[in-house]
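Colleague: My structure is in target-v6.txt, and what it holds is compact mmCIF, C-alpha atoms:
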# COMPACT_ATOMS: atom_id res chain seq x y z
CA MET A 1355 -27.26 12.47 35.09
CA MET A 1356 -24.23 13.99 36.76
CA ILE A 1357 -20.50 13.64 36.21
CA ARG A 1358 -18.22 13.28 39.21
CA GLU A 1359 -14.67 12.21 40.06
CA ALA A 1360 -14.21 8.43 39.87
CA THR A 1361 -13.07 6.66 43.03
CA ALA A 1362 -11.49 3.23 43.51
CA GLU A 1363 -14.88 2.09 44.77
CA ASP A 1364 -16.46 2.86 41.37
CA TRP A 1365 -14.34 0.25 39.60
CA ALA A 1366 -16.74 -2.60 40.43
CA ALA A 1367 -19.48 -0.68 38.60
CA ILE A 1368 -17.26 0.36 35.68
CA TRP A 1369 -15.68 -3.02 34.95
CA PRO A 1370 -18.78 -4.92 33.69
CA PHE A 1371 -19.45 -2.56 30.77
CA PHE A 1372 -15.75 -1.72 30.32
CA HIS A 1373 -15.03 -5.43 29.99
CA ARG A 1374 -17.91 -5.95 27.57
CA ILE A 1375 -16.65 -3.10 25.34
CA VAL A 1376 -13.00 -4.21 25.38
CA ARG A 1377 -13.82 -7.89 24.87
CA ALA A 1378 -15.92 -7.03 21.81
CA GLY A 1379 -12.72 -5.58 20.30
CA GLU A 1380 -14.55 -3.20 17.97
CA THR A 1381 -13.65 0.24 19.34
CA PHE A 1382 -10.54 0.14 21.56
CA THR A 1383 -6.93 -0.79 20.87
CA TYR A 1384 -6.71 -2.54 24.23
CA PRO A 1385 -5.91 -6.25 24.56
CA VAL A 1386 -9.27 -7.99 24.23
CA ASP A 1387 -8.26 -10.24 27.16
CA LEU A 1388 -7.30 -7.28 29.39
CA THR A 1389 -7.62 -8.25 33.05
CA ALA A 1390 -9.66 -6.21 35.53
CA ASP A 1391 -6.54 -5.27 37.53
CA THR A 1392 -4.58 -3.99 34.54
CA ALA A 1393 -7.63 -2.20 33.18
CA ARG A 1394 -8.13 -0.44 36.52
CA ASP A 1395 -4.48 0.69 36.55
CA TRP A 1396 -4.79 2.02 32.99
CA TRP A 1397 -8.15 3.71 33.47
CA LEU A 1398 -8.15 5.27 36.97
CA LEU A 1399 -5.65 8.12 36.58
CA ARG A 1400 -3.99 10.17 39.28
CA ALA A 1401 -3.80 13.97 39.44
CA PRO A 1402 -3.08 16.06 37.50
CA ASN A 1403 -4.76 13.62 35.11
CA ARG A 1404 -8.31 12.65 35.88
CA THR A 1405 -11.00 9.99 35.59
CA VAL A 1406 -14.70 10.66 36.02
CA VAL A 1407 -17.92 8.67 36.00
CA ALA A 1408 -21.31 9.63 34.65
CA VAL A 1409 -23.97 8.67 37.18
CA ASP A 1410 -27.70 8.26 36.60
CA ASP A 1411 -30.29 9.83 38.90
CA ASP A 1412 -30.45 6.62 40.93
CA GLY A 1413 -26.65 6.56 41.39
CA THR A 1414 -25.92 3.93 38.72
CA VAL A 1415 -22.61 4.39 36.91
CA VAL A 1416 -23.52 4.62 33.20
CA GLY A 1417 -20.26 5.84 31.67
CA THR A 1418 -16.71 6.94 32.36
CA ALA A 1419 -13.97 9.11 30.88
CA LYS A 1420 -10.29 9.54 31.51
CA MET A 1421 -8.33 12.63 30.52
CA ASN A 1422 -4.59 13.20 30.43
CA ASN A 1423 -1.65 14.81 28.61
CA ASN A 1424 -1.15 13.11 25.23
CA GLN A 1425 2.65 13.56 25.24
CA TRP A 1426 5.19 14.67 27.83
CA GLY A 1427 7.74 17.44 27.88
CA ASN A 1428 7.47 19.88 25.02
CA GLY A 1429 4.40 18.06 23.72
CA ALA A 1430 2.53 18.13 27.04
CA HIS A 1431 0.26 21.05 26.09
CA VAL A 1432 -2.05 18.75 24.07
CA ALA A 1433 -4.54 16.68 26.05
CA SER A 1434 -6.14 13.36 25.22
CA ALA A 1435 -9.17 11.52 26.56
CA SER A 1436 -11.02 8.21 26.31
CA PHE A 1437 -14.66 7.39 26.89
CA MET A 1438 -16.74 4.33 27.69
CA VAL A 1439 -20.51 4.33 27.92
CA ASP A 1440 -22.50 1.31 29.08
CA PRO A 1441 -23.80 -0.11 25.76
CA ASP A 1442 -27.21 -0.60 27.41
CA ARG A 1443 -27.38 3.20 27.87
CA ALA A 1444 -26.21 4.22 24.40
CA GLY A 1445 -27.91 7.07 22.54
CA ARG A 1446 -28.84 9.12 25.60
CA GLY A 1447 -26.17 11.79 25.32
CA ILE A 1448 -23.87 10.30 27.95
CA GLY A 1449 -20.87 10.19 25.61
CA ARG A 1450 -21.47 13.77 24.54
CA ALA A 1451 -21.71 14.97 28.14
CA LEU A 1452 -18.49 13.14 29.02
CA CYS A 1453 -16.66 14.56 26.01
CA GLU A 1454 -17.81 18.10 26.77
CA HIS A 1455 -16.68 17.57 30.36
CA THR A 1456 -13.17 16.58 29.27
CA LEU A 1457 -12.95 19.58 26.92
CA ASP A 1458 -13.86 21.88 29.83
CA TRP A 1459 -11.28 20.16 32.02
CA ALA A 1460 -8.58 20.49 29.36
CA ARG A 1461 -9.36 24.19 28.88
CA ARG A 1462 -9.22 24.83 32.63
CA GLN A 1463 -5.92 22.93 32.88
CA GLY A 1464 -4.44 25.18 30.21
CA PHE A 1465 -4.13 22.62 27.42
CA ARG A 1466 -4.08 24.13 23.93
CA ALA A 1467 -5.79 21.26 22.13
CA MET A 1468 -7.22 17.79 22.52
CA GLN A 1469 -6.10 14.84 20.42
CA PHE A 1470 -7.44 11.30 20.04
CA ASN A 1471 -4.80 8.92 18.69
CA ALA A 1472 -6.81 5.91 17.62
CA VAL A 1473 -10.47 6.39 16.71
CA VAL A 1474 -11.68 3.32 14.82
CA ALA A 1475 -13.03 4.57 11.49
CA THR A 1476 -16.06 2.25 11.63
CA ASN A 1477 -17.04 3.64 15.05
CA THR A 1478 -19.23 6.21 13.31
CA PRO A 1479 -21.22 7.26 16.40
CA ALA A 1480 -17.93 8.30 18.04
CA VAL A 1481 -16.51 9.93 14.89
CA HIS A 1482 -19.73 11.93 14.37
CA LEU A 1483 -19.89 12.92 18.03
CA TYR A 1484 -16.30 14.19 17.99
CA GLU A 1485 -16.86 16.04 14.70
CA SER A 1486 -19.98 17.67 16.12
CA LEU A 1487 -17.83 18.89 19.02
CA GLY A 1488 -15.27 20.52 16.72
CA PHE A 1489 -12.79 17.72 16.17
CA ARG A 1490 -11.45 16.97 12.72
CA VAL A 1491 -9.55 14.00 11.33
CA LEU A 1492 -5.87 14.99 11.01
CA GLY A 1493 -5.01 11.74 9.31
CA THR A 1494 -5.96 8.08 9.16
CA VAL A 1495 -3.65 5.12 9.73
CA PRO A 1496 -4.58 2.86 6.80
CA GLU A 1497 -5.61 -0.62 7.98
CA GLY A 1498 -4.55 0.39 11.48
CA PHE A 1499 -7.27 -1.67 13.19
CA ARG A 1500 -8.32 -5.27 12.71
CA HIS A 1501 -12.06 -5.10 13.27
CA PRO A 1502 -13.55 -8.49 14.19
CA VAL A 1503 -16.43 -7.98 11.72
CA HIS A 1504 -15.20 -5.49 9.10
CA GLY A 1505 -11.57 -6.63 8.85
CA LEU A 1506 -8.75 -4.11 8.45
CA VAL A 1507 -10.10 -0.57 8.80
CA GLY A 1508 -8.56 2.85 9.38
CA LEU A 1509 -7.60 4.43 12.70
CA HIS A 1510 -8.26 8.17 12.79
CA VAL A 1511 -6.08 10.71 14.57
CA MET A 1512 -8.58 13.41 15.59
CA HIS A 1513 -7.84 16.87 16.96
CA ARG A 1514 -9.54 20.01 18.22
CA PRO A 1515 -7.88 23.29 19.24
CA LEU A 1516 -9.06 24.73 22.56
CA MET B 1129 29.56 -0.26 12.67
CA MET B 1130 27.33 -3.08 13.82
CA ILE B 1131 23.90 -3.25 15.45
CA ARG B 1132 23.34 -5.64 18.32
CA GLU B 1133 20.86 -6.28 21.12
CA ALA B 1134 21.15 -3.72 23.95
CA THR B 1135 21.93 -5.06 27.42
CA ALA B 1136 21.49 -3.44 30.84
CA GLU B 1137 25.25 -2.87 30.82
CA ASP B 1138 24.93 -0.61 27.74
CA TRP B 1139 22.84 1.94 29.62
CA ALA B 1140 25.89 3.75 31.02
CA ALA B 1141 27.08 4.35 27.45
CA ILE B 1142 23.62 5.30 26.12
CA TRP B 1143 22.64 7.75 28.86
CA PRO B 1144 25.16 10.56 28.18
CA PHE B 1145 23.95 11.24 24.61
CA PHE B 1146 20.36 10.22 25.41
CA HIS B 1147 20.35 12.78 28.23
CA ARG B 1148 21.88 15.45 26.01
CA ILE B 1149 19.21 14.90 23.34
CA VAL B 1150 16.29 14.85 25.78
CA ARG B 1151 17.53 17.83 27.79
CA ALA B 1152 17.81 19.89 24.58
CA GLY B 1153 14.05 19.35 24.15
CA GLU B 1154 14.10 19.79 20.38
CA THR B 1155 13.23 16.35 19.05
CA PHE B 1156 11.52 14.19 21.69
CA THR B 1157 8.26 14.54 23.61
CA TYR B 1158 9.93 13.26 26.77
CA PRO B 1159 10.16 15.33 29.96
CA VAL B 1160 13.32 17.42 29.55
CA ASP B 1161 14.20 16.58 33.16
CA LEU B 1162 13.72 12.83 32.66
CA THR B 1163 15.82 10.89 35.18
CA ALA B 1164 18.29 8.19 34.15
CA ASP B 1165 16.28 5.48 35.93
CA THR B 1166 12.97 6.37 34.28
CA ALA B 1167 14.65 6.79 30.92
CA ARG B 1168 16.20 3.33 31.21
CA ASP B 1169 12.81 1.81 32.05
CA TRP B 1170 11.22 3.55 29.06
CA TRP B 1171 14.00 2.76 26.60
CA LEU B 1172 15.22 -0.79 27.35
CA LEU B 1173 12.29 -2.92 26.23
CA ARG B 1174 11.61 -6.57 26.95
CA ALA B 1175 10.76 -9.26 24.38
CA PRO B 1176 8.80 -9.41 22.17
CA ASN B 1177 9.72 -5.71 21.90
CA ARG B 1178 13.37 -4.90 21.42
CA THR B 1179 16.13 -2.34 21.98
CA VAL B 1180 19.41 -2.34 20.06
CA VAL B 1181 22.61 -0.33 20.05
CA ALA B 1182 24.76 0.71 17.10
CA VAL B 1183 28.40 0.10 17.97
CA ASP B 1184 31.47 1.55 16.29
CA ASP B 1185 34.42 -0.61 15.24
CA ASP B 1186 36.13 0.12 18.57
CA GLY B 1187 33.05 -0.95 20.55
CA THR B 1188 31.77 2.56 21.32
CA VAL B 1189 27.97 2.86 21.50
CA VAL B 1190 27.07 5.55 18.94
CA GLY B 1191 23.30 5.15 18.70
CA THR B 1192 20.29 3.18 19.88
CA ALA B 1193 16.81 2.23 18.74
CA LYS B 1194 13.78 0.72 20.41
CA MET B 1195 10.99 -1.04 18.55
CA ASN B 1196 7.57 -2.10 19.75
CA ASN B 1197 3.90 -2.48 18.94
CA ASN B 1198 2.28 0.96 18.56
CA GLN B 1199 -1.10 -0.13 19.94
CA TRP B 1200 -2.38 -3.25 21.67
CA GLY B 1201 -5.15 -5.69 20.85
CA ASN B 1202 -6.72 -5.19 17.44
CA GLY B 1203 -4.24 -2.40 16.69
CA ALA B 1204 -1.14 -4.43 17.58
CA HIS B 1205 -0.20 -5.24 13.97
CA VAL B 1206 1.37 -1.78 13.51
CA ALA B 1207 4.86 -1.30 14.93
CA SER B 1208 6.58 1.83 16.16
CA ALA B 1209 10.20 2.73 16.84
CA SER B 1210 12.40 5.50 18.27
CA PHE B 1211 15.99 6.39 17.54
CA MET B 1212 18.79 8.28 19.24
CA VAL B 1213 22.17 8.91 17.67
CA ASP B 1214 25.05 10.50 19.56
CA PRO B 1215 24.99 14.10 18.22
CA ASP B 1216 28.80 13.95 17.94
CA ARG B 1217 28.37 11.12 15.38
CA ALA B 1218 25.57 12.69 13.30
CA GLY B 1219 25.62 12.48 9.51
CA ARG B 1220 27.38 9.11 9.29
CA GLY B 1221 24.36 6.98 8.40
CA ILE B 1222 23.85 5.61 11.91
CA GLY B 1223 20.21 6.74 12.07
CA ARG B 1224 19.53 5.24 8.65
CA ALA B 1225 21.09 1.91 9.63
CA LEU B 1226 19.06 1.83 12.86
CA CYS B 1227 15.83 2.66 11.03
CA GLU B 1228 16.45 -0.02 8.38
CA HIS B 1229 17.17 -2.46 11.20
CA THR B 1230 13.83 -1.75 12.88
CA LEU B 1231 11.96 -2.12 9.58
CA ASP B 1232 13.59 -5.53 9.08
CA TRP B 1233 12.67 -6.48 12.63
CA ALA B 1234 9.07 -5.37 12.18
CA ARG B 1235 8.76 -7.32 8.92
CA ARG B 1236 10.16 -10.47 10.53
CA GLN B 1237 7.81 -10.09 13.50
CA GLY B 1238 4.86 -9.98 11.11
CA PHE B 1239 3.87 -6.33 11.61
CA ARG B 1240 1.97 -4.85 8.66
CA ALA B 1241 3.24 -1.28 8.99
CA MET B 1242 5.39 1.05 11.06
CA GLN B 1243 4.10 4.30 12.54
CA PHE B 1244 5.82 7.21 14.27
CA ASN B 1245 3.42 9.19 16.44
CA ALA B 1246 5.32 12.40 17.13
CA VAL B 1247 8.00 13.49 14.66
CA VAL B 1248 8.86 17.14 15.31
CA ALA B 1249 8.28 18.97 12.01
CA THR B 1250 11.46 21.04 12.40
CA ASN B 1251 13.55 17.88 12.80
CA THR B 1252 14.14 17.85 9.05
CA PRO B 1253 17.04 15.35 9.08
CA ALA B 1254 14.69 12.81 10.67
CA VAL B 1255 11.71 13.69 8.45
CA HIS B 1256 13.86 13.40 5.30
CA LEU B 1257 15.43 10.15 6.48
CA TYR B 1258 12.02 8.59 7.14
CA GLU B 1259 10.65 9.82 3.80
CA SER B 1260 13.67 8.36 2.01
CA LEU B 1261 12.83 5.03 3.66
CA GLY B 1262 9.26 5.06 2.39
CA PHE B 1263 7.42 6.79 5.22
CA ARG B 1264 4.88 9.51 4.51
CA VAL B 1265 3.22 12.07 6.73
CA LEU B 1266 -0.33 10.88 7.49
CA GLY B 1267 -1.16 14.09 9.30
CA THR B 1268 0.36 16.83 11.41
CA VAL B 1269 -0.79 17.91 14.85
CA PRO B 1270 -0.83 21.71 14.50
CA GLU B 1271 1.33 23.39 17.15
CA GLY B 1272 1.76 19.98 18.79
CA PHE B 1273 5.31 20.70 19.97
CA ARG B 1274 6.76 23.67 21.82
CA HIS B 1275 10.25 23.92 20.33
CA PRO B 1276 12.65 25.83 22.60
CA VAL B 1277 13.96 27.85 19.62
CA HIS B 1278 11.20 27.82 16.98
CA GLY B 1279 8.18 27.99 19.28
CA LEU B 1280 5.01 26.04 18.51
CA VAL B 1281 5.60 23.71 15.56
CA GLY B 1282 3.81 20.69 14.11
CA LEU B 1283 4.12 17.06 15.17
CA HIS B 1284 3.95 14.65 12.27
CA VAL B 1285 2.34 11.24 12.37
CA MET B 1286 4.40 9.21 9.87
CA HIS B 1287 3.64 5.77 8.46
CA ARG B 1288 5.03 3.13 6.12
CA PRO B 1289 3.36 -0.11 5.05
CA LEU B 1290 5.56 -3.22 5.27
Could you show the structure in this file as structure tokens?

Modeller:
Amino acid sequence: MMIREATAEDWAAIWPFFHRIVRAGETFTYPVDLTADTARDWWLLRAPNRTVVAVDDDGTVVGTAKMNNNQWGNGAHVASASFMVDPDRAGRGIGRALCEHTLDWARRQGFRAMQFNAVVATNTPAVHLYESLGFRVLGTVPEGFRHPVHGLVGLHVMHRPL
Amino acid sequence: MMIREATAEDWAAIWPFFHRIVRAGETFTYPVDLTADTARDWWLLRAPNRTVVAVDDDGTVVGTAKMNNNQWGNGAHVASASFMVDPDRAGRGIGRALCEHTLDWARRQGFRAMQFNAVVATNTPAVHLYESLGFRVLGTVPEGFRHPVHGLVGLHVMHRPL
């Protein structure tokens, strides 16, 4: 597996699993009926922000990450990032590789920390992954997310100094 | 003082104090060199979100607030809001009236809570106002804001159930 810059041409390969994840409504605070065009505008970021894809040995896109400043102005020294991994490829370390990649990027760009604003508390694979990479929960928005199966659950704000 | 819907025509009266507040860089995570056009696009929200102005007895615009969903999709039941009060009119209860107005709006719209994502920890008038209105600090991003006078200070995430 390698991680490379995402291009507009990658969108056709990203959208099927992106759509599946967003439509399930269990892990992202995106509209569950997000259209492909809006999703592409939100996900494929321009420099100095960045979007990458994780590509299997045969060239298949198996995951993607976007990375950006979390605030502007005098809050612009904290980065943020988001990750999607094809659910059919879960458990193979793709999410971890993508997260490590964004941390490297943020360090190189001179960010002082990385922050995730809305990690669904029941998304334990993600929470454990982030914790294993040095993130901690700064606080939890009580009942901040309406999970389609578990009902109202917390939304973690997670953070890691760089 | 009354609070009414903001119109495009109000922007000329909002921008002078808005610009002064943003340029000072002490309380908002906006670019300090934000242009009037971008600021107007960011601040004047369309329905179902909302922007209001606080108007003095002589019709002068003395403050403004915007209110919106803080996340989309399955996180869209939590509202957020932002406030600007003309610094020359500080300490007269304008911020409190605007904040109470947004809480009423959020309740009427069916939101379950209100969340502020980036309250500068040194902005004690704002922190105390929000606490007096039932908000509490869920967590603080350490060194999340580069204050032009105080250096790196915390950014509070504040929350109030409705």

Colleague: Per residue of chain A within 6 Å of chain B, record the nearest atom pair and its distance in Å to one decimal, counting all atoms listed in the file, with rows in chain order and ascending residue number, as a tab-separated table.

Modeller:
residue	atom	partner	partner_atom	distance
A:Thr1383	CA	B:Gly1201	CA	5.2
A:Tyr1384	CA	B:Gly1201	CA	4.9
A:Pro1385	CA	B:Gly1201	CA	3.8
A:Val1386	CA	B:Gly1201	CA	5.8
A:Gln1425	CA	B:Thr1157	CA	5.9
A:Trp1426	CA	B:Tyr1158	CA	5.1
A:Gly1427	CA	B:Pro1159	CA	3.8
A:Asn1428	CA	B:Arg1274	CA	5.0
A:Gly1429	CA	B:Phe1273	CA	4.7
A:Leu1492	CA	B:Gly1267	CA	5.1
A:Gly1493	CA	B:Gly1267	CA	4.5
A:Gly1498	CA	B:Gly1203	CA	5.9
A:Phe1499	CA	B:Gly1203	CA	4.7
A:Arg1500	CA	B:Asn1202	CA	5.0

Colleague: So the first atom is atom CA of A:Leu1516 and the second is atom CA of A:Ser1436; what is the distance between them in Å, to one decimal place?

Modeller: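 Going from atom CA of A:Leu1516 over to atom CA of A:Ser1436 covers 17.1 Å.
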
Colleague: With all atoms listed in the file as the basis for distance, which of B:Ala1207, B:Ile1222, B:Ala1249, B:Met1212 is at the shortest distance from B:Ile1149?

Modeller: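 Counting all atoms listed in the file, the residue closest to B:Ile1149 is B:Met1212.
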
Colleague: As a compact mmCIF listing (two decimals) with C-alpha atoms, in the coordinates of the input, please: chain B after a least-squares superposition onto chain A using all C-alpha atoms matched in order.

Modeller:
# COMPACT_ATOMS: atom_id res chain seq x y z
CA MET B 1129 -27.27 12.47 35.10
CA MET B 1130 -24.23 13.99 36.75
CA ILE B 1131 -20.48 13.64 36.21
CA ARG B 1132 -18.22 13.29 39.21
CA GLU B 1133 -14.68 12.23 40.07
CA ALA B 1134 -14.20 8.44 39.88
CA THR B 1135 -13.05 6.68 43.05
CA ALA B 1136 -11.48 3.24 43.53
CA GLU B 1137 -14.88 2.09 44.78
CA ASP B 1138 -16.45 2.86 41.37
CA TRP B 1139 -14.32 0.25 39.62
CA ALA B 1140 -16.73 -2.59 40.43
CA ALA B 1141 -19.48 -0.68 38.62
CA ILE B 1142 -17.26 0.36 35.68
CA TRP B 1143 -15.69 -3.03 34.96
CA PRO B 1144 -18.78 -4.93 33.70
CA PHE B 1145 -19.45 -2.58 30.76
CA PHE B 1146 -15.76 -1.72 30.32
CA HIS B 1147 -15.03 -5.45 29.99
CA ARG B 1148 -17.90 -5.95 27.57
CA ILE B 1149 -16.65 -3.11 25.34
CA VAL B 1150 -13.01 -4.22 25.39
CA ARG B 1151 -13.82 -7.90 24.88
CA ALA B 1152 -15.92 -7.03 21.81
CA GLY B 1153 -12.73 -5.58 20.29
CA GLU B 1154 -14.54 -3.18 17.97
CA THR B 1155 -13.66 0.24 19.34
CA PHE B 1156 -10.55 0.14 21.54
CA THR B 1157 -6.93 -0.79 20.86
CA TYR B 1158 -6.71 -2.55 24.22
CA PRO B 1159 -5.91 -6.26 24.55
CA VAL B 1160 -9.28 -8.02 24.24
CA ASP B 1161 -8.26 -10.23 27.17
CA LEU B 1162 -7.29 -7.27 29.38
CA THR B 1163 -7.59 -8.23 33.05
CA ALA B 1164 -9.64 -6.20 35.54
CA ASP B 1165 -6.53 -5.26 37.54
CA THR B 1166 -4.57 -3.98 34.54
CA ALA B 1167 -7.62 -2.20 33.19
CA ARG B 1168 -8.12 -0.43 36.51
CA ASP B 1169 -4.48 0.69 36.54
CA TRP B 1170 -4.79 2.00 32.98
CA TRP B 1171 -8.14 3.71 33.47
CA LEU B 1172 -8.13 5.28 36.96
CA LEU B 1173 -5.64 8.11 36.58
CA ARG B 1174 -3.97 10.17 39.28
CA ALA B 1175 -3.81 13.98 39.45
CA PRO B 1176 -3.06 16.07 37.50
CA ASN B 1177 -4.75 13.61 35.11
CA ARG B 1178 -8.31 12.66 35.90
CA THR B 1179 -11.00 9.98 35.60
CA VAL B 1180 -14.71 10.67 36.03
CA VAL B 1181 -17.92 8.67 36.01
CA ALA B 1182 -21.32 9.65 34.64
CA VAL B 1183 -23.97 8.67 37.17
CA ASP B 1184 -27.70 8.27 36.60
CA ASP B 1185 -30.28 9.85 38.90
CA ASP B 1186 -30.44 6.62 40.92
CA GLY B 1187 -26.65 6.55 41.38
CA THR B 1188 -25.93 3.93 38.70
CA VAL B 1189 -22.60 4.39 36.89
CA VAL B 1190 -23.52 4.63 33.19
CA GLY B 1191 -20.26 5.85 31.67
CA THR B 1192 -16.70 6.94 32.37
CA ALA B 1193 -13.98 9.11 30.89
CA LYS B 1194 -10.29 9.55 31.52
CA MET B 1195 -8.32 12.64 30.54
CA ASN B 1196 -4.59 13.20 30.41
CA ASN B 1197 -1.67 14.79 28.62
CA ASN B 1198 -1.15 13.11 25.23
CA GLN B 1199 2.64 13.55 25.24
CA TRP B 1200 5.17 14.66 27.83
CA GLY B 1201 7.72 17.44 27.91
CA ASN B 1202 7.47 19.88 25.02
CA GLY B 1203 4.39 18.05 23.73
CA ALA B 1204 2.51 18.11 27.04
CA HIS B 1205 0.25 21.05 26.10
CA VAL B 1206 -2.04 18.75 24.08
CA ALA B 1207 -4.54 16.68 26.05
CA SER B 1208 -6.14 13.36 25.23
CA ALA B 1209 -9.18 11.52 26.56
CA SER B 1210 -11.03 8.19 26.33
CA PHE B 1211 -14.67 7.38 26.90
CA MET B 1212 -16.74 4.32 27.70
CA VAL B 1213 -20.51 4.32 27.92
CA ASP B 1214 -22.51 1.31 29.07
CA PRO B 1215 -23.80 -0.12 25.75
CA ASP B 1216 -27.21 -0.61 27.40
CA ARG B 1217 -27.39 3.20 27.87
CA ALA B 1218 -26.21 4.23 24.38
CA GLY B 1219 -27.90 7.07 22.52
CA ARG B 1220 -28.83 9.11 25.60
CA GLY B 1221 -26.15 11.79 25.30
CA ILE B 1222 -23.86 10.30 27.94
CA GLY B 1223 -20.85 10.19 25.59
CA ARG B 1224 -21.47 13.78 24.53
CA ALA B 1225 -21.70 14.97 28.14
CA LEU B 1226 -18.48 13.13 29.02
CA CYS B 1227 -16.66 14.56 26.01
CA GLU B 1228 -17.82 18.11 26.79
CA HIS B 1229 -16.68 17.57 30.37
CA THR B 1230 -13.17 16.58 29.27
CA LEU B 1231 -12.94 19.58 26.93
CA ASP B 1232 -13.87 21.87 29.84
CA TRP B 1233 -11.29 20.15 32.01
CA ALA B 1234 -8.59 20.49 29.37
CA ARG B 1235 -9.37 24.18 28.88
CA ARG B 1236 -9.21 24.84 32.63
CA GLN B 1237 -5.92 22.94 32.90
CA GLY B 1238 -4.44 25.20 30.22
CA PHE B 1239 -4.12 22.62 27.43
CA ARG B 1240 -4.08 24.14 23.94
CA ALA B 1241 -5.79 21.26 22.13
CA MET B 1242 -7.22 17.78 22.53
CA GLN B 1243 -6.11 14.83 20.41
CA PHE B 1244 -7.44 11.29 20.02
CA ASN B 1245 -4.80 8.92 18.70
CA ALA B 1246 -6.81 5.89 17.61
CA VAL B 1247 -10.47 6.38 16.70
CA VAL B 1248 -11.69 3.30 14.82
CA ALA B 1249 -13.04 4.57 11.48
CA THR B 1250 -16.06 2.25 11.62
CA ASN B 1251 -17.05 3.63 15.03
CA THR B 1252 -19.22 6.22 13.31
CA PRO B 1253 -21.22 7.26 16.41
CA ALA B 1254 -17.93 8.30 18.03
CA VAL B 1255 -16.51 9.92 14.88
CA HIS B 1256 -19.73 11.93 14.36
CA LEU B 1257 -19.89 12.92 18.02
CA TYR B 1258 -16.31 14.19 17.97
CA GLU B 1259 -16.86 16.05 14.69
CA SER B 1260 -19.98 17.68 16.12
CA LEU B 1261 -17.82 18.89 19.02
CA GLY B 1262 -15.29 20.52 16.73
CA PHE B 1263 -12.78 17.72 16.18
CA ARG B 1264 -11.45 16.95 12.72
CA VAL B 1265 -9.55 14.00 11.34
CA LEU B 1266 -5.87 14.99 11.02
CA GLY B 1267 -5.01 11.73 9.32
CA THR B 1268 -5.96 8.07 9.16
CA VAL B 1269 -3.65 5.13 9.72
CA PRO B 1270 -4.56 2.86 6.79
CA GLU B 1271 -5.61 -0.61 7.97
CA GLY B 1272 -4.55 0.40 11.48
CA PHE B 1273 -7.26 -1.67 13.18
CA ARG B 1274 -8.32 -5.27 12.69
CA HIS B 1275 -12.07 -5.10 13.27
CA PRO B 1276 -13.55 -8.49 14.19
CA VAL B 1277 -16.43 -7.97 11.73
CA HIS B 1278 -15.20 -5.49 9.10
CA GLY B 1279 -11.58 -6.62 8.87
CA LEU B 1280 -8.76 -4.11 8.44
CA VAL B 1281 -10.11 -0.57 8.79
CA GLY B 1282 -8.57 2.85 9.38
CA LEU B 1283 -7.61 4.44 12.69
CA HIS B 1284 -8.25 8.16 12.78
CA VAL B 1285 -6.10 10.70 14.56
CA MET B 1286 -8.58 13.41 15.60
CA HIS B 1287 -7.84 16.87 16.97
CA ARG B 1288 -9.54 20.01 18.23
CA PRO B 1289 -7.89 23.28 19.23
CA LEU B 1290 -9.06 24.74 22.56

Colleague: Would you list the residues near (19.8, -6.2, 20.9) (no more than 8 Å away, in the coordinates of the file, using only C-alpha atoms) as an MDAnalysis selection string?

Modeller: chainID B and resid 1131:1135 1178:1181

Colleague: Which residue gives the smallest distance to B:His1147 among B:Val1277, B:Val1213, B:Val1183, B:Ala1175, with all atoms listed in the file counted?

Modeller: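 Comparing B:Val1277, B:Val1213, B:Val1183, B:Ala1175 against B:His1147, the winner is B:Val1213.
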
Colleague: What's the 12 Å shell around B:Gly1221, counting all atoms listed in the file, without same-chain residues fewer than 3 positions away, as a ChimeraX atom specification?

Modeller: /B:1129-1130,1182,1184,1190-1191,1213-1214,1217-1218,1224-1228,1253-1254,1257

Colleague: Calculate how many Å separate atom CA of B:Asp1185 from atom CA of B:Gly1223, rounding to one decimal.

Modeller: 16.3 Å

Colleague: Please, what distance in Å, to one decimal, runs between atom CA of B:Val1247 and atom CA of B:Ser1260?

Modeller: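 Taking atom CA of B:Val1247 and atom CA of B:Ser1260, their separation equals 14.8 Å.
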
Colleague: For A:Leu1398, which residue among A:Ala1362, A:Arg1490, A:Ala1367, A:Asn1422 is the nearest when counting all atoms listed in the file?

Modeller: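 Closest candidate: A:Ala1362.
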
Colleague: Please determine, counting all atoms listed in the file, which residue among B:Leu1231, B:Val1255, B:Val1189, B:Leu1173 has the shortest atom-to-atom distance to B:Ser1208.

Modeller: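 Of all the options, B:Leu1231 lies closest to B:Ser1208.
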
Colleague: Counting all atoms listed in the file, which of B:Thr1230, B:Phe1211, B:Arg1168, B:His1278 gets nearest to B:Thr1250?

Modeller: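 Under the stated criterion, the closest residue is B:His1278.
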